[in-house]
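Next comes model17.pdb, a file with PDB, C-alpha atoms.
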```pdb
ATOM      1  CA  MET A 706     117.264  97.975  15.334
ATOM      2  CA  SER A 707     116.557  99.513  18.718
ATOM      3  CA  VAL A 708     118.545 102.320  20.304
ATOM      4  CA  ALA A 709     119.995  99.973  22.968
ATOM      5  CA  ALA A 710     121.225  97.536  20.293
ATOM      6  CA  ALA A 711     122.786 100.394  18.319
ATOM      7  CA  PHE A 712     124.646 101.633  21.402
ATOM      8  CA  PHE A 713     125.714  98.066  22.193
ATOM      9  CA  TYR A 714     127.259  97.604  18.750
ATOM     10  CA  LEU A 715     128.858 101.066  18.928
ATOM     11  CA  PHE A 716     130.415 100.519  22.363
ATOM     12  CA  SER A 717     131.510  96.982  21.459
ATOM     13  CA  ALA A 718     133.136  97.974  18.177
ATOM     14  CA  VAL A 719     135.019 100.901  19.698
ATOM     15  CA  MET A 720     136.109  98.813  22.682
ATOM     16  CA  ILE A 721     137.438  95.958  20.523
ATOM     17  CA  ALA A 722     139.244  98.383  18.221
ATOM     18  CA  SER A 723     140.794 100.300  21.122
ATOM     19  CA  ALA A 724     141.804  97.041  22.863
ATOM     20  CA  PHE A 725     143.590  95.973  19.682
ATOM     21  CA  MET A 726     145.304  99.354  19.462
ATOM     22  CA  VAL A 727     146.547  98.988  23.059
ATOM     23  CA  ILE A 728     148.829  96.167  21.946
ATOM     24  CA  ALA A 729     149.427  97.411  18.400
ATOM     25  CA  ALA A 730     150.376 101.047  19.055
ATOM     26  CA  ARG A 731     154.080 101.798  18.826
ATOM     27  CA  ASN A 732     153.979 104.699  21.269
ATOM     28  CA  PRO A 733     153.317 103.577  24.889
ATOM     29  CA  VAL A 734     151.524 106.846  25.669
ATOM     30  CA  HIS A 735     149.093 106.120  22.840
ATOM     31  CA  SER A 736     148.623 102.599  24.237
ATOM     32  CA  VAL A 737     147.572 103.994  27.615
ATOM     33  CA  LEU A 738     145.175 106.449  25.960
ATOM     34  CA  PHE A 739     143.598 103.595  23.968
ATOM     35  CA  LEU A 740     143.336 101.644  27.232
ATOM     36  CA  ILE A 741     141.389 104.527  28.790
ATOM     37  CA  LEU A 742     139.090 104.551  25.742
ATOM     38  CA  ALA A 743     138.508 100.799  26.131
ATOM     39  CA  PHE A 744     137.613 101.237  29.819
ATOM     40  CA  VAL A 745     135.157 104.037  29.039
ATOM     41  CA  ASN A 746     133.394 101.944  26.387
ATOM     42  CA  ALA A 747     133.282  98.956  28.740
ATOM     43  CA  SER A 748     131.586 101.155  31.337
ATOM     44  CA  GLY A 749     129.052 102.116  28.650
ATOM     45  CA  LEU A 750     128.317  98.424  28.135
ATOM     46  CA  PHE A 751     127.861  97.988  31.890
ATOM     47  CA  ILE A 752     125.352 100.843  31.900
ATOM     48  CA  LEU A 753     123.413  99.114  29.105
ATOM     49  CA  LEU A 754     123.321  95.976  31.273
ATOM     50  CA  GLY A 755     121.919  97.951  34.219
ATOM     51  CA  ALA A 756     125.083  97.646  36.328
ATOM     52  CA  GLU A 757     125.734 101.326  36.912
ATOM     53  CA  PHE A 758     127.856 100.648  39.997
ATOM     54  CA  LEU A 759     130.330  98.550  38.004
ATOM     55  CA  ALA A 760     130.408 101.230  35.306
ATOM     56  CA  MET A 761     131.213 103.903  37.889
ATOM     57  CA  ILE A 762     133.900 101.751  39.518
ATOM     58  CA  LEU A 763     135.458 101.043  36.118
ATOM     59  CA  VAL A 764     135.708 104.742  35.318
ATOM     60  CA  VAL A 765     136.735 105.972  38.770
ATOM     61  CA  VAL A 766     139.179 103.218  39.751
ATOM     62  CA  TYR A 767     140.643 102.008  36.482
ATOM     63  CA  VAL A 768     140.532 105.144  34.363
ATOM     64  CA  GLY A 769     141.028 107.592  37.214
ATOM     65  CA  ALA A 770     143.777 105.730  39.018
ATOM     66  CA  VAL A 771     145.332 102.768  37.259
ATOM     67  CA  ALA A 772     145.448 104.023  33.664
ATOM     68  CA  VAL A 773     146.556 107.520  34.687
ATOM     69  CA  LEU A 774     149.245 105.950  36.887
ATOM     70  CA  PHE A 775     150.427 103.913  33.905
ATOM     71  CA  LEU A 776     150.529 107.067  31.828
ATOM     72  CA  PHE A 777     152.573 108.978  34.423
ATOM     73  CA  VAL A 778     155.004 106.078  34.885
ATOM     74  CA  VAL A 779     155.504 105.705  31.131
ATOM     75  CA  MET A 780     156.047 109.445  30.709
ATOM     76  CA  MET A 781     158.378 109.769  33.707
ATOM     77  CA  LEU A 782     160.588 106.755  32.975
ATOM     78  CA  ASP A 783     160.938 107.607  29.270
ATOM     79  CA  VAL A 784     161.632 103.975  28.398
ATOM     80  CA  ASP A 785     162.845 103.278  24.865
ATOM     81  CA  PHE A 786     160.289 100.649  23.859
ATOM     82  CA  ALA A 787     161.852 100.220  20.427
ATOM     83  CA  VAL A 788     164.822  98.530  22.102
ATOM     84  CA  LEU A 789     162.519  96.294  24.161
ATOM     85  CA  LYS A 790     160.548  95.197  21.094
ATOM     86  CA  LYS A 791     163.601  94.110  19.098
ATOM     87  CA  GLY A 792     163.663  90.560  20.467
ATOM     88  CA  MET A 793     159.916  90.161  20.606
ATOM     89  CA  LEU A 794     159.584  87.905  17.543
ATOM     90  CA  GLN A 795     161.654  85.139  19.117
ATOM     91  CA  TYR A 796     158.909  84.657  21.731
ATOM     92  CA  ALA A 797     156.077  84.590  19.158
ATOM     93  CA  PRO A 798     155.774  80.745  18.987
ATOM     94  CA  VAL A 799     155.510  80.442  22.776
ATOM     95  CA  ALA A 800     152.970  83.276  22.855
ATOM     96  CA  ALA A 801     150.917  81.594  20.106
ATOM     97  CA  ILE A 802     150.845  78.305  22.047
ATOM     98  CA  ILE A 803     149.761  80.047  25.256
ATOM     99  CA  GLY A 804     147.127  82.008  23.329
ATOM    100  CA  MET A 805     145.697  78.808  21.807
ATOM    101  CA  ILE A 806     145.545  77.179  25.263
ATOM    102  CA  VAL A 807     143.629  80.185  26.618
ATOM    103  CA  VAL A 808     141.202  80.108  23.648
ATOM    104  CA  ILE A 809     140.584  76.360  24.123
ATOM    105  CA  GLU A 810     139.958  76.870  27.857
ATOM    106  CA  LEU A 811     137.511  79.695  27.137
ATOM    107  CA  ALA A 812     135.695  77.537  24.563
ATOM    108  CA  LEU A 813     135.406  74.682  27.080
ATOM    109  CA  VAL A 814     134.093  76.997  29.784
ATOM    110  CA  VAL A 815     131.538  78.673  27.508
ATOM    111  CA  GLY A 816     130.493  75.372  25.909
ATOM    112  CA  GLY A 817     130.017  73.558  29.202
ATOM    113  CA  TRP A 818     128.249  76.376  31.012
ATOM    114  CA  THR A 819     124.652  75.758  32.041
ATOM    115  CA  ALA A 820     122.445  77.674  34.421
ATOM    116  CA  LYS A 821     121.470  75.936  37.647
ATOM    117  CA  PRO A 822     117.667  75.563  37.827
ATOM    118  CA  GLY A 823     117.354  76.979  41.338
ATOM    119  CA  ALA A 824     119.835  79.823  40.829
ATOM    120  CA  ALA A 825     117.350  82.469  39.771
ATOM    121  CA  PRO A 826     118.401  85.891  41.094
ATOM    122  CA  LYS A 827     116.355  87.415  43.879
ATOM    123  CA  VAL A 828     114.656  90.549  42.660
ATOM    124  CA  VAL A 829     114.603  93.385  45.183
ATOM    125  CA  SER A 830     111.746  95.685  44.364
ATOM    126  CA  ASN A 831     112.073  99.479  44.226
ATOM    127  CA  LEU A 832     115.857  99.410  44.683
ATOM    128  CA  SER A 833     118.532 100.441  42.252
ATOM    129  CA  ASN A 834     121.514  98.222  41.614
ATOM    130  CA  THR A 835     123.842 100.403  43.696
ATOM    131  CA  GLU A 836     121.428 100.639  46.627
ATOM    132  CA  ALA A 837     120.833  96.881  46.684
ATOM    133  CA  LEU A 838     124.582  96.226  46.564
ATOM    134  CA  GLY A 839     125.141  98.726  49.385
ATOM    135  CA  ARG A 840     122.494  97.092  51.569
ATOM    136  CA  VAL A 841     124.025  93.648  51.120
ATOM    137  CA  LEU A 842     127.588  94.909  51.547
ATOM    138  CA  TYR A 843     126.967  96.926  54.719
ATOM    139  CA  THR A 844     124.598  94.463  56.425
ATOM    140  CA  GLN A 845     125.304  90.850  55.506
ATOM    141  CA  TYR A 846     128.999  91.278  54.641
ATOM    142  CA  ALA A 847     129.872  94.214  56.919
ATOM    143  CA  TYR A 848     132.569  92.361  58.880
ATOM    144  CA  PHE A 849     134.201  91.007  55.730
ATOM    145  CA  PHE A 850     134.137  94.509  54.245
ATOM    146  CA  GLN A 851     135.841  95.950  57.336
ATOM    147  CA  ALA A 852     138.394  93.121  57.342
ATOM    148  CA  ALA A 853     139.234  93.820  53.695
ATOM    149  CA  GLY A 854     139.678  97.500  54.553
ATOM    150  CA  MET A 855     142.030  96.644  57.433
ATOM    151  CA  ILE A 856     144.090  94.340  55.190
ATOM    152  CA  LEU A 857     144.436  97.078  52.567
ATOM    153  CA  LEU A 858     145.368  99.618  55.258
ATOM    154  CA  THR A 859     148.014  97.260  56.651
ATOM    155  CA  ALA A 860     149.424  96.701  53.159
ATOM    156  CA  MET A 861     149.556 100.452  52.532
ATOM    157  CA  ILE A 862     151.345 101.131  55.835
ATOM    158  CA  GLY A 863     153.774  98.288  55.135
ATOM    159  CA  ALA A 864     154.593  99.665  51.684
ATOM    160  CA  ILE A 865     155.214 103.121  53.174
ATOM    161  CA  VAL A 866     157.434 101.743  55.945
ATOM    162  CA  LEU A 867     159.473  99.627  53.526
ATOM    163  CA  THR A 868     160.074 102.449  51.057
ATOM    164  CA  LEU A 869     160.503 105.382  53.456
ATOM    165  CA  HIS A 870     164.146 106.170  54.133
ATOM    166  CA  HIS A 871     165.196 108.959  56.505
ATOM    167  CA  LYS A 872     168.149 111.038  55.390
ATOM    168  CA  PRO A 873     170.809 111.519  58.066
ATOM    169  CA  GLY A 874     171.499 115.057  59.249
ATOM    170  CA  VAL A 875     167.973 116.343  58.627
ATOM    171  CA  LYS A 876     166.382 118.015  61.633
ATOM    172  CA  ARG A 877     162.949 116.504  62.183
ATOM    173  CA  GLN A 878     159.940 117.616  64.123
ATOM    174  CA  VAL A 879     159.321 115.821  67.435
ATOM    175  CA  ILE A 880     155.729 116.411  68.500
ATOM    176  CA  VAL A 881     156.215 115.042  72.049
ATOM    177  CA  ASP A 882     159.064 117.467  72.785
ATOM    178  CA  GLN A 883     157.063 120.371  71.387
ATOM    179  CA  ASN A 884     154.034 119.550  73.519
ATOM    180  CA  ALA A 885     156.194 119.132  76.647
ATOM    181  CA  ARG A 886     157.708 122.644  76.412
ATOM    182  CA  ASP A 887     156.611 125.306  78.876
ATOM    183  CA  ARG A 888     157.035 129.071  78.907
ATOM    184  CA  LYS A 889     160.380 128.984  80.734
ATOM    185  CA  GLU A 890     161.989 126.855  78.033
ATOM    186  CA  ALA A 891     160.363 128.538  75.067
ATOM    187  CA  VAL A 892     160.747 132.230  75.973
ATOM    188  CA  GLU A 893     163.968 133.949  77.002
ATOM    189  CA  LEU A 894     163.920 137.574  78.117
ATOM    190  CA  LYS A 895     167.098 139.650  77.801
ATOM    191  CA  LYS A 896     167.772 143.096  79.132
ATOM    192  CA  VAL A 897     169.149 145.199  76.277
ATOM    193  CA  PRO A 898     170.751 148.506  77.196
ATOM    194  CA  SER A 899     169.235 151.549  75.571
ATOM    195  CA  ARG A 900     170.790 152.774  72.283
ATOM    196  CA  THR A 901     173.275 149.918  72.008
ATOM    197  CA  GLY A 902     171.395 147.511  69.824
ATOM    198  CA  ILE A 903     171.464 143.798  70.074
TER
END
```
Let me see the file written as structure tokens.
Amino acid sequence: MSVAAAFFYLFSAVMIASAFMVIAARNPVHSVLFLILAFVNASGLFILLGAEFLAMILVVVYVGAVAVLFLFVVMMLDVDFAVLKKGMLQYAPVAAIIGMIVVIELALVVGGWTAKPGAAPKVVSNLSNTEALGRVLYTQYAYFFQAAGMILLTAMIGAIVLTLHHKPGVKRQVIVDQNARDRKEAVELKKVPSRTGI
């Protein structure tokens, strides 16, 4: 057995076990930690496949942002998951039916998949995976990339505007009024008699 095959079996086994523990763990904090472990092992599998960009994105975006956000939300809300899991068994038949439908669909997709004869990937010589992806993204798809960035920026601004509520009675900074002030409005000189104080 080669070293790559050994790492593949190691990453795969740990990822499957941690994915099972995500849904089997009783403590939600432990579930999020097992989810982070599954993401890290999946990034190891991506590195074995030569897709280092996807591995980096999986660690930075999912582990660094999404999973940590889940962890903070679970810890801050302090939800009693024991109460939520009490009525879970009544939905088990429906969940089993949906699970079987998903398994049948996956079997049909995998069984009917064939490679198109003329769909051989173009090999770019002397370029890493990340560099080749960057060249395609910032040349051929530059406008689409900028449009996606503008859509995400608009969504972020919309979420901030919808959730931001100003409290009444709070004195706020007005930049225009501050920039329009001159020395006569900002400084006031008073003649104070000697030895009398203010």
(request) Could you check which of A:Phe739, A:Trp818, A:Phe775, A:Phe758 is closest to Thr835 (chain A), using all atoms listed in the file? (result)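 Smallest separation from Thr835 (chain A) among the options: A:Phe758.
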(message) Considering only C-alpha atoms, can you say which of A:Val815, A:Val708, A:Leu842, A:Leu776 comes closest to Ser736 (chain A)?
(response)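 With only C-alpha atoms as the atom set, the closest residue is A:Leu776.
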(message) To one decimal place in Å, what is the distance between CA of His870 (chain A) and CA of Ala772 (chain A)?
(response)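 Computed distance, CA of His870 (chain A) to CA of Ala772 (chain A), equals 27.8 Å.
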(message) Using all atoms listed in the file for the distances, tell me which of A:Val765, A:Ala847, A:Ala801, A:Ala760 is nearest to Asn746 (chain A).
(response)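 Among the listed residues, the smallest separation from Asn746 (chain A) belongs to A:Ala760.
Residues lying within 12 Å of Tyr714 (chain A), counting all atoms listed in the file and ignoring same-chain neighbours fewer than 5 positions away, are A:Met706, A:Ser707, A:Val708, A:Ala709, A:Val719, A:Met720, A:Ile721, A:Asn746, A:Ala747, A:Gly749, A:Leu750, A:Leu753.
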(request) I would like the residues chosen by the PyMOL selection byres ((chain A and resi 725) around 12) on the shown file; could you give them as a PyMOL selection string? (result) chain A and resi 718-724+726-730+735-737+739-740+742-743
